[in-house]
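What follows is start.txt (compact mmCIF, C-alpha atoms).
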# COMPACT_ATOMS: atom_id res chain seq x y z
CA MET A 1 -116.42 -101.06 0.35
CA LYS A 2 -116.88 -100.62 4.10
CA ILE A 3 -119.97 -101.16 6.23
CA TYR A 4 -120.34 -99.66 9.70
CA ARG A 5 -123.05 -100.36 12.27
CA ALA A 6 -123.87 -97.82 14.98
CA ASN A 7 -126.57 -95.40 16.09
CA LEU A 8 -126.68 -93.06 13.08
CA ILE A 9 -127.63 -89.44 13.82
CA ASP A 10 -127.57 -86.55 11.35
CA THR A 11 -129.60 -83.52 10.22
CA PRO A 12 -130.47 -83.65 6.50
CA THR A 13 -132.68 -80.63 7.26
CA PRO A 14 -132.59 -78.22 10.21
CA LYS A 15 -136.02 -79.39 11.38
CA GLY A 16 -134.73 -82.14 13.65
CA PHE A 17 -132.30 -84.98 14.22
CA ARG A 18 -132.70 -88.00 11.96
CA ILE A 19 -132.00 -91.11 14.03
CA LEU A 20 -131.45 -94.70 12.96
CA GLU A 21 -130.73 -96.89 15.96
CA HIS A 22 -128.25 -99.71 15.34
CA GLY A 23 -128.34 -98.89 11.64
CA TYR A 24 -125.89 -99.68 8.86
CA ILE A 25 -124.05 -97.22 6.64
CA VAL A 26 -122.37 -98.47 3.46
CA VAL A 27 -119.34 -96.54 2.22
CA ARG A 28 -117.95 -96.98 -1.27
CA ASP A 29 -114.23 -97.32 -1.98
CA ASN A 30 -114.19 -93.73 -3.27
CA GLY A 31 -115.23 -92.48 0.17
CA THR A 32 -118.85 -91.66 -0.65
CA ILE A 33 -121.95 -93.07 1.00
CA GLU A 34 -123.92 -95.74 -0.86
CA GLY A 35 -126.77 -95.74 1.63
CA ARG A 36 -127.98 -96.22 5.17
CA TYR A 37 -130.15 -99.16 6.19
CA ALA A 38 -132.16 -100.37 9.16
CA SER A 39 -131.34 -103.94 8.06
CA LEU A 40 -128.59 -104.86 5.67
CA PRO A 41 -129.68 -105.91 2.14
CA ASP A 42 -128.54 -109.31 0.88
CA THR A 43 -126.44 -107.48 -1.71
CA PHE A 44 -123.89 -106.81 1.02
CA ARG A 45 -124.01 -110.16 2.82
CA ASP A 46 -120.40 -110.98 1.89
CA VAL A 47 -119.01 -107.63 3.11
CA GLU A 48 -117.56 -107.45 6.62
CA VAL A 49 -119.53 -105.28 9.03
CA ILE A 50 -117.57 -103.15 11.48
CA ASP A 51 -119.87 -103.01 14.49
CA PHE A 52 -119.48 -100.01 16.79
CA GLY A 53 -122.09 -101.28 19.22
CA ASP A 54 -124.19 -98.67 21.04
CA ARG A 55 -121.98 -95.71 20.12
CA LEU A 56 -123.14 -92.69 18.11
CA LEU A 57 -122.00 -92.08 14.53
CA ILE A 58 -122.50 -88.44 13.53
CA PRO A 59 -121.28 -86.22 10.67
CA ALA A 60 -117.92 -84.55 11.25
CA PHE A 61 -117.85 -80.81 11.90
CA ASN A 62 -117.06 -78.03 9.40
CA ASP A 63 -115.55 -74.75 10.64
CA LEU A 64 -116.16 -72.03 8.04
CA HIS A 65 -114.09 -69.28 9.68
CA VAL A 66 -110.87 -69.79 11.61
CA HIS A 67 -107.47 -68.04 11.75
CA ALA A 68 -104.67 -70.61 11.91
CA PRO A 69 -101.84 -68.22 12.92
CA GLN A 70 -103.85 -66.99 15.89
CA TYR A 71 -103.81 -70.42 17.55
CA ARG A 72 -101.11 -69.41 20.04
CA ASN A 73 -103.24 -66.43 21.13
CA LEU A 74 -106.20 -68.50 22.30
CA GLY A 75 -107.73 -66.91 25.38
CA LEU A 76 -105.61 -63.74 25.27
CA ALA A 77 -106.78 -60.13 25.34
CA LEU A 78 -110.49 -60.89 25.13
CA ASP A 79 -111.24 -57.78 27.15
CA LEU A 80 -110.47 -55.69 24.06
CA GLU A 81 -112.69 -54.81 21.13
CA LEU A 82 -111.83 -55.79 17.57
CA LEU A 83 -109.55 -53.03 16.29
CA PRO A 84 -107.27 -52.62 19.36
CA TRP A 85 -107.21 -56.43 19.68
CA LEU A 86 -105.91 -56.69 16.12
CA GLU A 87 -103.27 -54.00 16.55
CA THR A 88 -101.98 -55.08 19.97
CA TYR A 89 -102.04 -58.87 19.79
CA THR A 90 -103.03 -60.30 16.42
CA PHE A 91 -100.77 -58.44 14.01
CA PRO A 92 -97.60 -58.94 16.11
CA GLU A 93 -98.30 -62.69 16.32
CA GLU A 94 -99.00 -63.04 12.60
CA ALA A 95 -95.75 -61.24 11.75
CA LYS A 96 -93.83 -64.18 13.28
CA PHE A 97 -94.96 -66.41 10.41
CA ALA A 98 -92.28 -64.93 8.17
CA ASP A 99 -90.18 -67.54 9.99
CA LEU A 100 -91.08 -70.86 8.36
CA THR A 101 -89.80 -72.88 11.32
CA TYR A 102 -92.17 -71.03 13.62
CA ALA A 103 -95.02 -71.42 11.11
CA LYS A 104 -94.56 -75.20 10.96
CA TYR A 105 -94.47 -75.42 14.76
CA ILE A 106 -97.76 -73.55 15.23
CA TYR A 107 -99.58 -74.92 12.19
CA ARG A 108 -98.93 -78.54 13.13
CA ARG A 109 -100.49 -77.88 16.51
CA PHE A 110 -103.39 -76.04 14.92
CA VAL A 111 -104.22 -78.90 12.54
CA HIS A 112 -103.80 -81.42 15.36
CA GLU A 113 -106.33 -79.45 17.43
CA LEU A 114 -108.83 -79.46 14.55
CA TRP A 115 -108.42 -83.24 14.32
CA MET A 116 -108.93 -83.63 18.07
CA GLN A 117 -112.13 -81.59 17.99
CA GLY A 118 -113.58 -83.56 15.07
CA THR A 119 -113.43 -80.70 12.57
CA MET A 120 -112.58 -82.50 9.36
CA ARG A 121 -113.00 -79.54 6.99
CA SER A 122 -112.40 -75.84 7.48
CA ALA A 123 -112.07 -72.49 5.73
CA VAL A 124 -108.82 -71.05 7.04
CA PHE A 125 -107.08 -67.69 7.08
CA ALA A 126 -103.30 -68.05 7.02
CA THR A 127 -101.08 -64.91 6.95
CA SER A 128 -99.77 -62.67 4.20
CA HIS A 129 -96.70 -64.94 3.80
CA TYR A 130 -96.81 -67.29 0.80
CA ALA A 131 -94.30 -69.86 2.11
CA ALA A 132 -96.11 -70.23 5.43
CA THR A 133 -99.48 -70.51 3.67
CA ARG A 134 -98.19 -73.33 1.46
CA CYS A 135 -96.73 -74.98 4.57
CA LEU A 136 -100.20 -74.94 6.18
CA ALA A 137 -101.73 -76.52 3.07
CA ASP A 138 -99.09 -79.26 3.15
CA ILE A 139 -99.85 -80.04 6.79
CA PHE A 140 -103.54 -80.43 5.98
CA ILE A 141 -102.68 -82.76 3.10
CA GLN A 142 -100.45 -84.88 5.34
CA ALA A 143 -103.25 -85.11 7.91
CA GLY A 144 -105.82 -86.18 5.26
CA MET A 145 -108.20 -83.38 6.24
CA GLY A 146 -110.13 -81.01 3.99
CA ALA A 147 -109.45 -77.28 3.97
CA MET A 148 -109.67 -74.09 1.95
CA VAL A 149 -106.50 -72.17 2.79
CA GLY A 150 -106.10 -68.46 2.12
CA GLN A 151 -103.01 -66.32 1.88
CA VAL A 152 -104.22 -63.09 3.46
CA GLY A 153 -104.23 -59.89 1.43
CA MET A 154 -103.45 -56.62 3.22
CA ASN A 155 -101.57 -53.52 2.08
CA ARG A 156 -102.92 -50.59 4.10
CA ASN A 157 -103.64 -49.85 7.75
CA CYS A 158 -101.39 -52.69 8.83
CA PRO A 159 -97.77 -53.12 9.97
CA ASN A 160 -95.19 -52.95 7.19
CA ASN A 161 -93.96 -56.44 8.02
CA LEU A 162 -97.40 -57.86 7.20
CA ALA A 163 -98.19 -55.82 4.09
CA ASN A 164 -97.92 -57.61 0.76
CA HIS A 165 -97.65 -56.22 -2.76
CA THR A 166 -100.70 -56.82 -4.91
CA ASN A 167 -98.81 -58.44 -7.78
CA GLU A 168 -96.92 -60.77 -5.46
CA LEU A 169 -100.16 -61.74 -3.69
CA VAL A 170 -101.90 -62.57 -6.97
CA GLN A 171 -98.88 -64.57 -8.08
CA GLY A 172 -98.86 -66.44 -4.77
CA ILE A 173 -102.53 -67.40 -5.09
CA ALA A 174 -101.94 -68.68 -8.64
CA GLU A 175 -98.85 -70.62 -7.56
CA LEU A 176 -100.66 -72.20 -4.63
CA LYS A 177 -103.48 -73.35 -6.90
CA THR A 178 -101.02 -74.88 -9.37
CA TYR A 179 -99.11 -76.55 -6.55
CA LEU A 180 -102.23 -78.05 -4.97
CA ASP A 181 -103.60 -79.17 -8.34
CA GLU A 182 -100.35 -81.07 -8.96
CA HIS A 183 -99.43 -82.27 -5.47
CA GLY A 184 -102.62 -82.13 -3.42
CA ASN A 185 -105.10 -84.79 -2.35
CA GLY A 186 -108.24 -83.18 -3.77
CA LEU A 187 -109.32 -82.07 -0.30
CA VAL A 188 -107.17 -78.95 0.09
CA SER A 189 -107.58 -75.90 -2.14
CA PRO A 190 -106.88 -72.14 -2.14
CA ILE A 191 -109.40 -69.47 -1.27
CA VAL A 192 -109.04 -65.76 -2.09
CA THR A 193 -108.71 -63.93 1.24
CA PRO A 194 -108.75 -60.14 1.54
CA ARG A 195 -108.47 -59.61 5.28
CA PHE A 196 -111.16 -56.96 5.30
CA VAL A 197 -111.82 -53.73 3.44
CA PRO A 198 -109.85 -51.46 5.82
CA SER A 199 -106.65 -53.44 5.15
CA CYS A 200 -106.92 -53.56 1.33
CA THR A 201 -106.61 -50.75 -1.20
CA ASP A 202 -109.00 -50.54 -4.13
CA ASP A 203 -106.28 -51.87 -6.44
CA MET A 204 -105.77 -54.94 -4.27
CA LEU A 205 -109.51 -55.62 -3.98
CA ALA A 206 -109.89 -55.33 -7.75
CA ALA A 207 -106.94 -57.67 -8.37
CA LEU A 208 -108.30 -60.23 -5.91
CA GLY A 209 -111.71 -60.13 -7.57
CA GLN A 210 -110.05 -60.74 -10.91
CA VAL A 211 -107.92 -63.66 -9.71
CA ALA A 212 -110.97 -65.25 -8.09
CA HIS A 213 -112.76 -65.01 -11.44
CA ASP A 214 -109.80 -66.13 -13.56
CA TYR A 215 -109.03 -69.22 -11.46
CA ASN A 216 -112.60 -69.96 -10.41
CA LEU A 217 -111.75 -69.65 -6.71
CA PRO A 218 -114.00 -68.99 -3.70
CA VAL A 219 -113.63 -65.91 -1.51
CA GLN A 220 -113.61 -65.34 2.24
CA SER A 221 -113.46 -62.20 4.37
CA HIS A 222 -115.14 -60.27 7.20
CA LEU A 223 -118.27 -58.14 7.06
CA SER A 224 -119.97 -55.73 9.48
CA GLU A 225 -118.44 -57.28 12.58
CA ASN A 226 -118.00 -54.22 14.78
CA PRO A 227 -119.62 -50.73 14.75
CA SER A 228 -116.24 -48.96 14.68
CA GLU A 229 -115.15 -51.11 11.73
CA VAL A 230 -118.38 -50.36 9.83
CA ALA A 231 -117.89 -46.61 10.38
CA TRP A 232 -114.27 -46.90 9.24
CA VAL A 233 -115.30 -48.57 5.99
CA LYS A 234 -117.72 -45.70 5.29
CA GLN A 235 -114.79 -43.27 5.58
CA LEU A 236 -112.43 -45.37 3.46
CA GLU A 237 -114.93 -46.29 0.73
CA PRO A 238 -117.34 -43.31 0.44
CA GLU A 239 -118.53 -44.40 -3.01
CA ALA A 240 -119.73 -47.77 -1.72
CA SER A 241 -123.40 -47.83 -0.74
CA CYS A 242 -122.67 -50.17 2.18
CA TYR A 243 -119.87 -52.35 3.54
CA GLY A 244 -120.95 -55.27 1.38
CA ASP A 245 -120.87 -53.07 -1.72
CA ALA A 246 -117.21 -52.29 -1.03
CA TYR A 247 -116.59 -55.97 -1.85
CA ASN A 248 -119.31 -56.33 -4.47
CA ARG A 249 -117.97 -53.63 -6.76
CA TYR A 250 -114.74 -55.63 -7.10
CA GLY A 251 -116.31 -59.04 -7.71
CA LEU A 252 -115.78 -60.29 -4.16
CA PHE A 253 -119.37 -60.68 -3.00
CA GLY A 254 -120.99 -63.77 -4.44
CA GLN A 255 -119.66 -63.57 -7.98
CA GLN A 256 -117.66 -66.59 -6.80
CA PRO A 257 -118.77 -68.71 -3.81
CA THR A 258 -118.25 -66.33 -0.90
CA LEU A 259 -117.96 -66.62 2.87
CA MET A 260 -118.50 -63.48 4.93
CA ALA A 261 -117.89 -63.87 8.65
CA HIS A 262 -119.95 -62.13 11.34
CA CYS A 263 -122.54 -59.83 9.68
CA CYS A 264 -123.58 -58.65 13.15
CA HIS A 265 -124.66 -55.27 11.78
CA SER A 266 -125.79 -56.22 8.27
CA ASP A 267 -129.14 -54.67 7.43
CA GLY A 268 -131.06 -52.88 4.71
CA GLU A 269 -129.32 -52.78 1.34
CA GLU A 270 -126.43 -54.92 2.56
CA LEU A 271 -128.77 -57.67 3.70
CA GLU A 272 -130.58 -57.58 0.36
CA MET A 273 -127.24 -57.82 -1.44
CA ILE A 274 -126.27 -60.85 0.68
CA LYS A 275 -129.52 -62.56 -0.31
CA ARG A 276 -129.36 -61.57 -3.97
CA ASN A 277 -125.74 -62.66 -4.41
CA GLY A 278 -126.01 -65.88 -2.40
CA VAL A 279 -123.27 -64.88 0.04
CA VAL A 280 -122.78 -67.32 2.93
CA VAL A 281 -122.98 -65.74 6.39
CA VAL A 282 -120.58 -67.41 8.81
CA HIS A 283 -121.89 -66.95 12.34
CA CYS A 284 -119.11 -66.70 14.94
CA PRO A 285 -120.94 -66.32 18.26
CA MET A 286 -117.94 -67.00 20.52
CA SER A 287 -115.87 -64.27 18.91
CA ASN A 288 -118.74 -61.79 18.69
CA SER A 289 -119.34 -62.20 22.42
CA ASN A 290 -115.67 -62.06 23.40
CA LEU A 291 -114.88 -58.93 21.39
CA ALA A 292 -118.21 -57.23 22.24
CA SER A 293 -118.95 -56.90 18.53
CA GLY A 294 -122.68 -57.55 18.65
CA VAL A 295 -125.02 -60.42 17.87
CA ALA A 296 -125.88 -61.51 14.35
CA PRO A 297 -129.66 -61.94 13.87
CA ILE A 298 -129.38 -65.54 12.69
CA ARG A 299 -133.07 -66.34 12.97
CA ARG A 300 -133.87 -63.42 10.71
CA PHE A 301 -131.22 -64.56 8.21
CA LEU A 302 -132.62 -68.09 8.18
CA ASN A 303 -136.19 -66.86 7.81
CA GLU A 304 -135.12 -64.84 4.78
CA GLY A 305 -133.46 -67.84 3.15
CA ILE A 306 -129.85 -66.76 3.70
CA TRP A 307 -127.26 -69.56 3.82
CA VAL A 308 -125.73 -69.58 7.31
CA ALA A 309 -122.84 -71.68 8.60
CA LEU A 310 -120.81 -71.65 11.84
CA GLY A 311 -117.22 -70.71 12.63
CA THR A 312 -115.06 -70.66 15.74
CA ASP A 313 -113.11 -67.56 14.59
CA VAL A 314 -110.07 -68.49 16.63
CA SER A 315 -108.61 -66.58 18.34
CA GLY A 316 -111.41 -64.07 18.67
CA GLY A 317 -113.20 -67.26 19.61
CA HIS A 318 -111.46 -68.86 22.56
CA ASN A 319 -112.09 -72.52 21.70
CA MET A 320 -111.66 -74.57 18.51
CA SER A 321 -114.50 -76.95 19.40
CA MET A 322 -117.50 -76.73 17.10
CA LEU A 323 -119.55 -78.12 19.99
CA ARG A 324 -118.77 -74.87 21.82
CA ALA A 325 -119.73 -72.88 18.71
CA ILE A 326 -123.05 -74.75 18.61
CA GLN A 327 -123.67 -73.98 22.29
CA TYR A 328 -122.89 -70.28 21.88
CA ALA A 329 -125.09 -70.04 18.79
CA ILE A 330 -128.04 -71.41 20.77
CA GLN A 331 -127.34 -69.27 23.83
CA VAL A 332 -126.98 -65.93 22.03
CA SER A 333 -130.13 -66.69 20.04
CA LYS A 334 -131.94 -67.19 23.35
CA GLY A 335 -130.75 -63.76 24.43
CA GLN A 336 -132.29 -62.30 21.28
CA TYR A 337 -135.47 -64.30 21.93
CA ALA A 338 -135.77 -62.66 25.34
CA GLN A 339 -134.83 -59.18 24.13
CA THR A 340 -137.35 -59.23 21.27
CA ASN A 341 -140.21 -60.33 23.54
CA HIS A 342 -140.14 -63.77 21.89
CA ALA A 343 -140.52 -62.33 18.38
CA MET A 344 -137.26 -63.93 17.21
CA PRO A 345 -137.37 -67.68 18.10
CA PHE A 346 -134.12 -69.14 19.35
CA LEU A 347 -132.16 -71.86 17.57
CA THR A 348 -132.88 -75.46 18.50
CA ALA A 349 -130.10 -77.95 19.12
CA ALA A 350 -130.87 -79.63 15.79
CA GLU A 351 -130.74 -76.33 13.90
CA ALA A 352 -127.39 -75.35 15.38
CA PHE A 353 -125.99 -78.84 14.73
CA TYR A 354 -127.18 -78.52 11.11
CA LEU A 355 -125.26 -75.24 10.76
CA ALA A 356 -122.08 -76.95 11.97
CA THR A 357 -122.45 -79.99 9.72
CA LYS A 358 -124.55 -79.93 6.55
CA ALA A 359 -124.86 -76.15 6.11
CA GLY A 360 -121.10 -75.66 6.46
CA GLY A 361 -120.26 -78.84 4.59
CA ALA A 362 -122.24 -77.70 1.55
CA PHE A 363 -119.52 -75.13 0.83
CA PHE A 364 -117.21 -78.09 0.14
CA GLY A 365 -119.76 -80.01 -1.93
CA LYS A 366 -121.77 -83.04 -0.80
CA VAL A 367 -120.52 -82.99 2.77
CA GLY A 368 -122.16 -82.92 6.18
CA CYS A 369 -124.83 -85.62 6.41
CA PHE A 370 -125.39 -89.32 5.74
CA GLU A 371 -127.20 -89.03 2.41
CA PRO A 372 -126.34 -91.18 -0.65
CA ASP A 373 -123.36 -89.86 -2.64
CA TYR A 374 -122.23 -87.59 0.22
CA ALA A 375 -118.64 -87.85 1.42
CA PHE A 376 -118.33 -90.06 4.48
CA ASP A 377 -117.05 -87.48 6.96
CA ALA A 378 -117.95 -88.87 10.35
CA LEU A 379 -117.17 -89.05 14.05
CA LEU A 380 -117.67 -92.07 16.27
CA VAL A 381 -118.77 -90.80 19.68
CA ASP A 382 -118.69 -92.82 22.88
CA ASP A 383 -121.11 -91.16 25.28
CA THR A 384 -121.18 -94.02 27.78
CA TYR A 385 -120.38 -91.83 30.78
CA LEU A 386 -123.24 -89.48 29.84
CA ASN A 387 -125.81 -92.19 29.18
CA TYR A 388 -126.45 -93.47 32.68
CA ASN A 389 -130.23 -93.30 32.79
CA ASN A 390 -131.48 -94.94 29.59
CA TYR A 391 -131.93 -91.70 27.68
CA THR A 392 -133.51 -91.67 24.23
CA MET A 393 -131.19 -91.20 21.25
CA GLN A 394 -132.29 -87.58 20.90
CA GLN A 395 -131.58 -86.95 24.57
CA ARG A 396 -128.17 -88.60 24.22
CA MET A 397 -127.39 -86.31 21.31
CA GLU A 398 -128.50 -83.21 23.18
CA ARG A 399 -126.37 -84.18 26.18
CA TYR A 400 -123.36 -84.77 23.94
CA ILE A 401 -123.76 -81.30 22.41
CA TYR A 402 -123.77 -79.63 25.82
CA LEU A 403 -121.52 -81.93 27.87
CA GLY A 404 -119.28 -83.71 25.38
CA ASP A 405 -115.76 -82.87 24.24
CA ASP A 406 -112.89 -84.26 22.17
CA ARG A 407 -112.29 -87.12 24.63
CA ASP A 408 -115.57 -88.70 23.54
CA ILE A 409 -114.49 -89.03 19.88
CA ARG A 410 -113.16 -92.51 19.27
CA ARG A 411 -112.73 -92.46 15.47
CA ARG A 412 -112.58 -89.74 12.83
CA PHE A 413 -113.28 -90.14 9.11
CA CYS A 414 -112.78 -87.73 6.21
CA ALA A 415 -113.84 -88.64 2.65
CA GLY A 416 -114.20 -92.27 3.73
CA LYS A 417 -110.74 -92.65 5.27
CA GLU A 418 -110.18 -93.12 8.97
CA LEU A 419 -107.63 -90.53 10.06
CA CYS A 420 -104.93 -91.31 12.57
CA GLU A 421 -103.59 -88.65 14.88
CA PRO A 422 -101.51 -86.12 12.89
CA VAL A 423 -97.95 -85.29 13.86
CA MET A 424 -97.46 -82.22 16.04
If you took the structure in this file and wrote it as structure tokens, what would it be?
Amino acid sequence: MKIYRANLIDTPTPKGFRILEHGYIVVRDNGTIEGRYASLPDTFRDVEVIDFGDRLLIPAFNDLHVHAPQYRNLGLALDLELLPWLETYTFPEEAKFADLTYAKYIYRRFVHELWMQGTMRSAVFATSHYAATRCLADIFIQAGMGAMVGQVGMNRNCPNNLANHTNELVQGIAELKTYLDEHGNGLVSPIVTPRFVPSCTDDMLAALGQVAHDYNLPVQSHLSENPSEVAWVKQLEPEASCYGDAYNRYGLFGQQPTLMAHCCHSDGEELEMIKRNGVVVVHCPMSNSNLASGVAPIRRFLNEGIWVALGTDVSGGHNMSMLRAIQYAIQVSKGQYAQTNHAMPFLTAAEAFYLATKAGGAFFGKVGCFEPDYAFDALLVDDTYLNYNNYTMQQRMERYIYLGDDRDIRRRFCAGKELCEPVM
């Protein structure tokens, strides 16, 4: 058992920050939280207290949409829209991951960057290559971080050197699950990952829906990101009533826990299907701004009870920091607030922080806040250089969200274990 003392700040609900100044948090040997206390009960009087002084202890971040092989492309070609960006920059880079040496080189740096930024769990797109995908899973295991890792499915409208055969893809997903069940750490698992409808034939979508069902696996993909993409799906899947239905008819839209990134143009029947099926919308405001895709109406989604989380969507997003994702989420919501004559209230700092912690963490289980029985995923933040005028704890937290970065994180915990810096 471990006991830590610090200023505890989390968001059990999106309504505001919960603050316990100089509080205690008790962590069981299995990495889950026993409780948080203003004063320590006598029950724990013989347990050593690790005192972090006046620093902040906050939940670690959860990135629900990120492309690991695109790490090297950060900041490139962001003057292009989605489809030409994919064809000109993304696909050529992902093709390099047929070389396992190259894959290890990039993936180690990618996982190291997640660690630096305090993202302890993530839902990750790999490439269509099985060996490189397994390599990425191994690197996460070695780092002690949580991840859902997906071998990407694509067999149409893509370069030949990235296309995979449906049977081989299904076999790869099954093999990765068996491998992680036998050799994993319980924190890394596979996720079924059709890239998006335009890159997958009906046969592949049907096979992926079946393997998700057979192995009880979650699903991740993209939905209604860009107007040209939405129009393309209508041409490719004329029998589908909407983009979401092109997934739904193959068991890839909430039949298993499902992440759909973007949803900038989801409306009408598609929005009702998202609600009815319990699909998680992953808001990627950096990427949507960079690629001129549009702005997802997150306030509307939240008002209608849709589960929303945040993603960086690297490398459409130009930064792997979830703090930056939080900032962008607030800023684009303020643009909508202005454009709708204040009819669509903008996100507060606490709401956006909630999306990056508890809302995203819930996809992994009891993750993302300091409640009893939740995993102790946490960051120790030293905001000394920001706290020069006796700010309140809430003000300190707001300043950290807008002004902080990875240099302020002094310790990182995942499932109760403090994680040292992973090898690059």
- prompt: For the atom pair atom CA of A:Gly35 and atom CA of A:Cys369, what is the interatomic distance in Å to one decimal place?
  reply: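 Atom-to-atom, atom CA of A:Gly35 and atom CA of A:Cys369 are spaced 11.4 Å apart.
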Contact residues around A:Ala103 with all atoms listed in the file at 9 Å, ignoring same-chain residues under 2 positions, as a list in words: Pro69, Lys96, Phe97, Ala98, Asp99, Leu100, Thr101, Tyr105, Ile106, Tyr107, Arg108, Ala132, Thr133, Cys135 and Leu136 of chain A
field: Two-atom distance - atom CA of A:Leu169, atom CA of A:Cys263 (Å)
entry: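 These atoms are spaced 26.1 Å apart.
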7 Å contact set for stretch 283-294 of chain A, only C-alpha atoms, chain neighbours under 4 positions out, as a list of chain:residue names: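 Here the answer would be A:Leu78, A:Asp79, A:Leu80, A:Glu81, A:Leu82, A:Glu225, A:Asn226, A:Ala261, A:His262, A:Cys264, A:Val308, A:Ala309, A:Leu310, A:Gly311, A:Thr312, A:Asp313, A:Gly316, A:Gly317, A:Ala325, A:Tyr328, A:Ala329.
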query: Counting all atoms listed in the file, what is within 7 Å of A:Gln256, bar same-chain residues fewer than 3 positions away, as a ChimeraX atom specification?
result: /A:212-213,217-219
Create the file for the chosen residues now, containing C-alpha atoms and written as an mmCIF file, in the coordinates of the input.
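For reference, out_16.cif as written:
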data_model
loop_
_atom_site.group_PDB
_atom_site.id
_atom_site.type_symbol
_atom_site.label_atom_id
_atom_site.label_comp_id
_atom_site.auth_asym_id
_atom_site.auth_seq_id
_atom_site.Cartn_x
_atom_site.Cartn_y
_atom_site.Cartn_z
ATOM 1 C CA ALA A 212 -110.970 -65.250 -8.090
ATOM 2 C CA HIS A 213 -112.760 -65.010 -11.440
ATOM 3 C CA LEU A 217 -111.750 -69.650 -6.710
ATOM 4 C CA PRO A 218 -114.000 -68.990 -3.700
ATOM 5 C CA VAL A 219 -113.630 -65.910 -1.510
#
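What separates atom CA of A:Thr357 from atom CA of A:Pro59 is a distance of 6.4 Å.
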- request: Would you mind telling me which residue in A:Gln210, A:Gln255, A:Thr11, A:Gln142 lies nearest to A:His112 when using all atoms listed in the file?
  value: A:Gln142
field: Residue nearest A:Arg411 among A:Asp203, A:Glu229, A:Asp382, A:Asp138 (counting all atoms listed in the file)
entry: A:Asp382
What box, with edges along x, y and z, holds each listed atom of stretch 164-169 of chain A when 5 Å is added on every side, and can you state its centre and edge lengths in Å to one decimal, as lines of an AutoDock Vina configuration file?
center_x = -98.8
center_y = -59.0
center_z = -3.5
size_x = 13.8
size_y = 15.5
size_z = 18.5
- prompt: Which residue, A:Gly278, A:Pro92, A:Pro14, A:Pro297, has the smallest gap to A:Pro345 when you use only C-alpha atoms?
  reply: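 Closest to A:Pro345, using only C-alpha atoms: A:Pro297.
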Residue with smallest distance to A:Tyr37 - pool A:Trp115, A:Tyr4, A:Tyr337, A:Tyr391, counting only C-alpha atoms: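 Closest to A:Tyr37 of all the choices is A:Tyr4.
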- request: Find the residue from A:Ala123, A:Ala415, A:Val170, A:Ile306 that sits nearest to A:Arg276; use only C-alpha atoms when measuring.
  value: A:Ile306
query: Can you tell me, as a PyMOL selection string, what residues are no more than 8 Å from stretch 361-365 of chain A when counting all atoms listed in the file, ignoring any on the same chain fewer than 2 positions away?
result: chain A and resi 61-62+121+257+356-359+367-368
Serialized selection, C-alpha atoms, as a PDB file, in the frame of the given file:
ATOM      1  CA  PHE A  61    -117.850 -80.810  11.900  1.00  0.00           C
ATOM      2  CA  ASN A  62    -117.060 -78.030   9.400  1.00  0.00           C
ATOM      3  CA  ARG A 121    -113.000 -79.540   6.990  1.00  0.00           C
ATOM      4  CA  PRO A 257    -118.770 -68.710  -3.810  1.00  0.00           C
ATOM      5  CA  ALA A 356    -122.080 -76.950  11.970  1.00  0.00           C
ATOM      6  CA  THR A 357    -122.450 -79.990   9.720  1.00  0.00           C
ATOM      7  CA  LYS A 358    -124.550 -79.930   6.550  1.00  0.00           C
ATOM      8  CA  ALA A 359    -124.860 -76.150   6.110  1.00  0.00           C
ATOM      9  CA  VAL A 367    -120.520 -82.990   2.770  1.00  0.00           C
ATOM     10  CA  GLY A 368    -122.160 -82.920   6.180  1.00  0.00           C
TER      11      GLY A 368
END
task: Might you pull out every residue within 7 Å of stretch 146-151 of chain A, with all atoms listed in the file counted and same-chain residues fewer than 6 positions away left off, and present them as a ChimeraX atom specification?
output: /A:120-130,133,137,140,187-193
Restricting it to C-alpha atoms, dump the selection as a PDB file, in the coordinates of the input.
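Contents of the output file part07.pdb:
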ATOM      1  CA  MET A 120    -112.580 -82.500   9.360  1.00  0.00           C
ATOM      2  CA  ARG A 121    -113.000 -79.540   6.990  1.00  0.00           C
ATOM      3  CA  SER A 122    -112.400 -75.840   7.480  1.00  0.00           C
ATOM      4  CA  ALA A 123    -112.070 -72.490   5.730  1.00  0.00           C
ATOM      5  CA  VAL A 124    -108.820 -71.050   7.040  1.00  0.00           C
ATOM      6  CA  PHE A 125    -107.080 -67.690   7.080  1.00  0.00           C
ATOM      7  CA  ALA A 126    -103.300 -68.050   7.020  1.00  0.00           C
ATOM      8  CA  THR A 127    -101.080 -64.910   6.950  1.00  0.00           C
ATOM      9  CA  SER A 128     -99.770 -62.670   4.200  1.00  0.00           C
ATOM     10  CA  HIS A 129     -96.700 -64.940   3.800  1.00  0.00           C
ATOM     11  CA  TYR A 130     -96.810 -67.290   0.800  1.00  0.00           C
ATOM     12  CA  THR A 133     -99.480 -70.510   3.670  1.00  0.00           C
ATOM     13  CA  ALA A 137    -101.730 -76.520   3.070  1.00  0.00           C
ATOM     14  CA  PHE A 140    -103.540 -80.430   5.980  1.00  0.00           C
ATOM     15  CA  LEU A 187    -109.320 -82.070  -0.300  1.00  0.00           C
ATOM     16  CA  VAL A 188    -107.170 -78.950   0.090  1.00  0.00           C
ATOM     17  CA  SER A 189    -107.580 -75.900  -2.140  1.00  0.00           C
ATOM     18  CA  PRO A 190    -106.880 -72.140  -2.140  1.00  0.00           C
ATOM     19  CA  ILE A 191    -109.400 -69.470  -1.270  1.00  0.00           C
ATOM     20  CA  VAL A 192    -109.040 -65.760  -2.090  1.00  0.00           C
ATOM     21  CA  THR A 193    -108.710 -63.930   1.240  1.00  0.00           C
TER      22      THR A 193
END
